[in-house]
>>> print(open('query_21.csv').read())   # CSV, C-alpha atoms
chain,number,residue,atom,x,y,z
A,1,MET,CA,96.4,-15.1,89.0
A,2,VAL,CA,96.9,-11.9,90.9
A,3,THR,CA,94.2,-10.2,92.9
A,4,VAL,CA,94.5,-6.5,93.7
A,5,ARG,CA,92.6,-5.0,96.6
A,6,ILE,CA,92.4,-1.4,98.0
A,7,VAL,CA,93.4,-1.4,101.7
A,8,PRO,CA,94.1,1.1,104.4
A,9,ALA,CA,97.8,2.0,104.1
A,10,ASP,CA,98.4,1.5,107.8
A,11,LEU,CA,97.8,-2.3,107.8
A,12,PRO,CA,100.7,-4.6,109.1
A,13,GLU,CA,100.9,-6.3,105.7
A,14,VAL,CA,101.5,-2.9,104.1
A,15,ASP,CA,104.2,-2.1,106.6
A,16,ASP,CA,105.9,-5.4,105.8
A,17,LEU,CA,105.8,-4.8,102.1
A,18,LEU,CA,107.0,-1.3,102.4
A,19,ASP,CA,109.9,-2.4,104.7
A,20,ARG,CA,110.9,-5.0,102.1
A,21,TYR,CA,110.7,-2.3,99.4
A,22,LEU,CA,112.8,0.2,101.3
A,23,ASP,CA,115.3,-2.5,102.3
A,24,GLU,CA,115.7,-3.6,98.6
A,25,ARG,CA,116.0,0.0,97.3
A,26,GLU,CA,118.6,0.8,100.0
A,27,ALA,CA,120.6,-2.3,99.2
A,28,THR,CA,120.6,-1.8,95.4
A,29,PHE,CA,120.8,2.0,95.2
A,30,PRO,CA,123.6,3.1,92.9
A,31,SER,CA,126.5,4.1,95.1
A,32,ALA,CA,127.6,6.8,92.7
A,33,GLN,CA,124.3,8.6,93.5
A,34,GLY,CA,125.1,8.8,97.2
A,35,ALA,CA,123.1,7.4,100.1
A,36,TYR,CA,119.6,6.2,99.7
A,37,SER,CA,117.1,8.5,101.4
A,38,ARG,CA,114.7,6.1,103.3
A,39,LYS,CA,111.4,7.9,103.2
A,40,ARG,CA,107.9,6.5,103.5
A,41,THR,CA,104.8,8.5,102.5
A,42,PRO,CA,102.5,8.9,105.4
A,43,ALA,CA,99.6,6.4,105.3
A,44,ALA,CA,97.0,9.2,105.7
A,45,GLU,CA,98.0,10.5,102.2
A,46,PHE,CA,96.5,7.3,100.7
A,47,THR,CA,93.0,7.9,102.1
A,48,PRO,CA,90.1,8.7,99.8
A,49,PRO,CA,89.4,11.2,98.4
A,50,ASN,CA,93.0,12.1,98.3
A,51,GLY,CA,94.5,8.7,97.4
A,52,VAL,CA,94.4,4.9,97.8
A,53,PHE,CA,96.8,2.1,98.6
A,54,VAL,CA,96.6,-1.3,97.0
A,55,VAL,CA,98.0,-4.8,97.8
A,56,ALA,CA,98.4,-7.5,95.2
A,57,ASP,CA,97.9,-11.1,96.4
A,58,ASP,CA,99.1,-14.3,94.6
A,59,ASP,CA,97.0,-17.4,94.1
A,60,SER,CA,97.6,-18.5,97.7
A,61,GLY,CA,96.5,-15.1,99.1
A,62,ALA,CA,100.0,-14.1,100.0
A,63,PRO,CA,100.7,-10.4,99.5
A,64,VAL,CA,103.4,-10.0,96.7
A,65,GLY,CA,103.0,-6.4,95.6
A,66,CYS,CA,101.8,-3.0,96.5
A,67,GLY,CA,101.6,0.7,95.6
A,68,GLY,CA,99.8,3.8,96.3
A,69,VAL,CA,98.5,6.9,94.6
A,70,ARG,CA,98.0,10.3,96.3
A,71,ARG,CA,96.9,13.7,95.2
A,72,ILE,CA,99.6,16.4,95.0
A,73,ALA,CA,99.4,20.1,94.1
A,74,ASP,CA,97.6,20.9,90.9
A,75,ALA,CA,99.6,22.3,88.0
A,76,THR,CA,98.7,24.4,85.0
A,77,ALA,CA,97.6,22.2,82.1
A,78,ASP,CA,98.9,22.7,78.5
A,79,ASP,CA,95.7,24.4,77.6
A,80,GLY,CA,95.9,26.8,80.5
A,81,GLY,CA,93.4,24.9,82.7
A,82,VAL,CA,94.0,23.0,85.9
A,83,ASP,CA,95.9,19.8,85.8
A,84,VAL,CA,94.6,17.7,88.8
A,85,ARG,CA,97.7,15.5,89.5
A,86,PHE,CA,97.9,12.2,91.4
A,87,GLU,CA,101.3,10.7,92.1
A,88,VAL,CA,102.1,7.0,92.1
A,89,LYS,CA,104.2,6.0,95.1
A,90,HIS,CA,105.9,2.9,96.5
A,91,VAL,CA,105.2,0.4,93.6
A,92,PHE,CA,106.9,-2.8,94.8
A,93,VAL,CA,106.8,-6.4,93.8
A,94,ASP,CA,108.3,-9.0,96.0
A,95,PRO,CA,110.9,-11.2,94.1
A,96,ALA,CA,108.4,-14.1,94.5
A,97,GLY,CA,105.9,-12.2,92.4
A,98,ARG,CA,108.1,-10.9,89.7
A,99,GLY,CA,107.6,-11.9,86.1
A,100,ARG,CA,103.9,-12.5,86.7
A,101,ARG,CA,102.5,-9.1,85.7
A,102,VAL,CA,102.0,-8.1,89.4
A,103,ALA,CA,103.3,-4.5,88.8
A,104,SER,CA,101.0,-4.1,85.8
A,105,ALA,CA,98.0,-5.2,87.9
A,106,VAL,CA,99.0,-2.7,90.6
A,107,MET,CA,99.4,0.1,88.1
A,108,ASP,CA,96.0,-0.8,86.5
A,109,ALA,CA,94.4,-0.4,89.9
A,110,LEU,CA,96.2,2.8,90.8
A,111,GLU,CA,95.5,4.4,87.5
A,112,THR,CA,91.8,3.5,87.7
A,113,ALA,CA,91.6,4.8,91.3
A,114,ALA,CA,93.3,8.1,90.3
A,115,ALA,CA,90.8,8.6,87.4
A,116,ASP,CA,87.9,7.8,89.7
A,117,LEU,CA,89.2,10.4,92.2
A,118,GLY,CA,89.3,13.1,89.5
A,119,ALA,CA,92.9,13.0,88.2
A,120,THR,CA,93.6,14.6,84.9
A,121,SER,CA,97.1,13.3,85.0
A,122,ILE,CA,99.2,10.8,86.9
A,123,VAL,CA,102.8,11.5,87.7
A,124,LEU,CA,105.6,9.5,89.2
A,125,ASP,CA,109.3,9.6,89.9
A,126,THR,CA,111.8,6.8,89.7
A,127,ASN,CA,115.5,6.1,89.4
A,128,ASP,CA,117.0,5.2,86.0
A,129,SER,CA,118.7,2.2,87.6
A,130,LEU,CA,115.2,0.6,87.8
A,131,VAL,CA,115.3,-0.3,84.1
A,132,ALA,CA,112.3,-2.7,84.1
A,133,ALA,CA,110.2,-0.2,86.0
A,134,GLY,CA,111.1,2.6,83.6
A,135,ALA,CA,110.3,0.4,80.6
A,136,MET,CA,106.9,-0.5,82.1
A,137,TYR,CA,106.0,3.1,82.7
A,138,VAL,CA,106.9,4.1,79.1
A,139,SER,CA,104.9,1.1,77.7
A,140,ARG,CA,101.9,2.4,79.7
A,141,GLY,CA,102.1,5.9,78.1
A,142,TYR,CA,104.1,7.8,80.6
A,143,ARG,CA,106.5,10.3,79.2
A,144,ARG,CA,109.5,12.0,80.8
A,145,VAL,CA,108.9,15.4,82.2
A,146,ALA,CA,110.9,18.0,84.1
A,147,PRO,CA,111.3,17.3,87.8
A,148,TYR,CA,108.1,18.2,89.8
A,149,ASN,CA,109.6,17.4,93.2
A,150,ASP,CA,113.0,17.3,95.0
A,151,ASN,CA,113.1,13.5,95.7
A,152,PRO,CA,116.8,12.8,96.2
A,153,ASN,CA,116.4,9.2,95.1
A,154,ALA,CA,114.9,10.1,91.7
A,155,THR,CA,116.6,10.6,88.4
A,156,ALA,CA,113.6,10.4,86.2
A,157,TRP,CA,110.1,12.0,86.4
A,158,PHE,CA,107.1,10.9,84.3
A,159,ARG,CA,103.6,12.0,83.5
A,160,ARG,CA,100.6,10.4,81.7
A,161,PRO,CA,97.4,12.2,81.0
A,162,VAL,CA,94.2,10.4,82.2
A,163,ASP,CA,92.1,9.3,79.2
>>> encode(input="query_21.csv", output="structure tokens")
Amino acid sequence: MVTVRIVPADLPEVDDLLDRYLDEREATFPSAQGAYSRKRTPAAEFTPPNGVFVVADDDSGAPVGCGGVRRIADATADDGGVDVRFEVKHVFVDPAGRGRRVASAVMDALETAAADLGATSIVLDTNDSLVAAGAMYVSRGYRRVAPYNDNPNATAWFRRPVD
């Protein structure tokens, strides 16, 4: 069983998880796309009411996954109103936690937090080389959209309205 908890994003266990995430992305980044840009979102951006960060623990209490959600600039909604956007960042599952629905539990917590913070949509960017991640996002109702940022590591941008 996986337990997900909201934590301050500047905890040492978060640093460890994010270092492992960035190490893995850098090591597996498609060489045809150039060098991986190693960039971490500042911890302050994951502080309520502008965001949250979560850590997923396995049965033994060991951290095996993480992710954050932060508010970004509003956009114009399809109906002409304001689209309050929160962006998912740094979703990572340690190899020891993969295949156990850890990423789904992290996403559940992030989507709930974004809705609680007032989001009308949730956006994220990813790289098409992360096939399992892309499939998970689509299965959760995310749809590809035009790029909303200039992340050099991203090749795909997604959006999902908050129900």
>>> closest_residue(input="query_21.csv", among="A:Ala27, A:Cys66, A:Leu22, A:Ala9", to="Ala44 of chain A", atoms="only C-alpha atoms")
A:Ala9
>>> closest_residue(input="query_21.csv", among="A:Asn153, A:Thr112, A:Thr3, A:Ser104", to="Asp128 of chain A", atoms="only C-alpha atoms")
A:Asn153
>>> residues_around(input="query_21.csv", residues="segment 40-42 of chain A", least_positions_apart="6", cutoff="12 Å", atoms="all atoms listed in the file", output="list of chain:residue names")
A:Pro8, A:Ala9, A:Asp10, A:Val14, A:Asp15, A:Leu17, A:Leu18, A:Asp19, A:Arg20, A:Tyr21, A:Leu22, A:Asp23, A:Gly51, A:Val52, A:Phe53, A:Gly67, A:Gly68, A:Val69, A:Arg70, A:Arg71, A:Glu87, A:Val88, A:Lys89, A:His90, A:Val91, A:Asn151
>>> closest_residue(input="query_21.csv", among="A:Asp108, A:Glu26, A:Asp94, A:Asp78", to="Arg5 of chain A", atoms="only C-alpha atoms")
A:Asp108
>>> closest_residue(input="query_21.csv", among="A:Arg38, A:Arg144, A:Arg101, A:Arg160", to="Asp58 of chain A", atoms="only C-alpha atoms")
A:Arg101
>>> closest_residue(input="query_21.csv", among="A:Asn50, A:Thr126, A:Asp83, A:Leu117", to="Val138 of chain A", atoms="only C-alpha atoms")
A:Thr126
>>> atom_distance(input="query_21.csv", atom1="atom CA of Ile72 of chain A", atom2="atom CA of Thr155 of chain A")
19.1 Å
>>> residues_near_point(input="query_21.csv", point="(112.3, 13.4, 83.6)", cutoff="10 Å", atoms="all atoms listed in the file", output="PDB file with C-alpha atoms, in the coordinates of the input")
ATOM      1  CA  LEU A 124     105.600   9.500  89.200  1.00  0.00           C
ATOM      2  CA  ASP A 125     109.300   9.600  89.900  1.00  0.00           C
ATOM      3  CA  THR A 126     111.800   6.800  89.700  1.00  0.00           C
ATOM      4  CA  ASN A 127     115.500   6.100  89.400  1.00  0.00           C
ATOM      5  CA  ASP A 128     117.000   5.200  86.000  1.00  0.00           C
ATOM      6  CA  ARG A 143     106.500  10.300  79.200  1.00  0.00           C
ATOM      7  CA  ARG A 144     109.500  12.000  80.800  1.00  0.00           C
ATOM      8  CA  VAL A 145     108.900  15.400  82.200  1.00  0.00           C
ATOM      9  CA  ALA A 146     110.900  18.000  84.100  1.00  0.00           C
ATOM     10  CA  PRO A 147     111.300  17.300  87.800  1.00  0.00           C
ATOM     11  CA  TYR A 148     108.100  18.200  89.800  1.00  0.00           C
ATOM     12  CA  ALA A 154     114.900  10.100  91.700  1.00  0.00           C
ATOM     13  CA  THR A 155     116.600  10.600  88.400  1.00  0.00           C
ATOM     14  CA  ALA A 156     113.600  10.400  86.200  1.00  0.00           C
ATOM     15  CA  TRP A 157     110.100  12.000  86.400  1.00  0.00           C
ATOM     16  CA  PHE A 158     107.100  10.900  84.300  1.00  0.00           C
ATOM     17  CA  ARG A 159     103.600  12.000  83.500  1.00  0.00           C
TER      18      ARG A 159
END
>>> atom_distance(input="query_21.csv", atom1="atom CA of Gly141 of chain A", atom2="atom CA of Gly118 of chain A")
18.6 Å
>>> atom_distance(input="query_21.csv", atom1="atom CA of Ala75 of chain A", atom2="atom CA of Ala133 of chain A")
25.0 Å
>>> closest_residue(input="query_21.csv", among="A:Ala77, A:Ala35, A:Ala109, A:Val131", to="Val7 of chain A", atoms="all atoms listed in the file")
A:Ala109
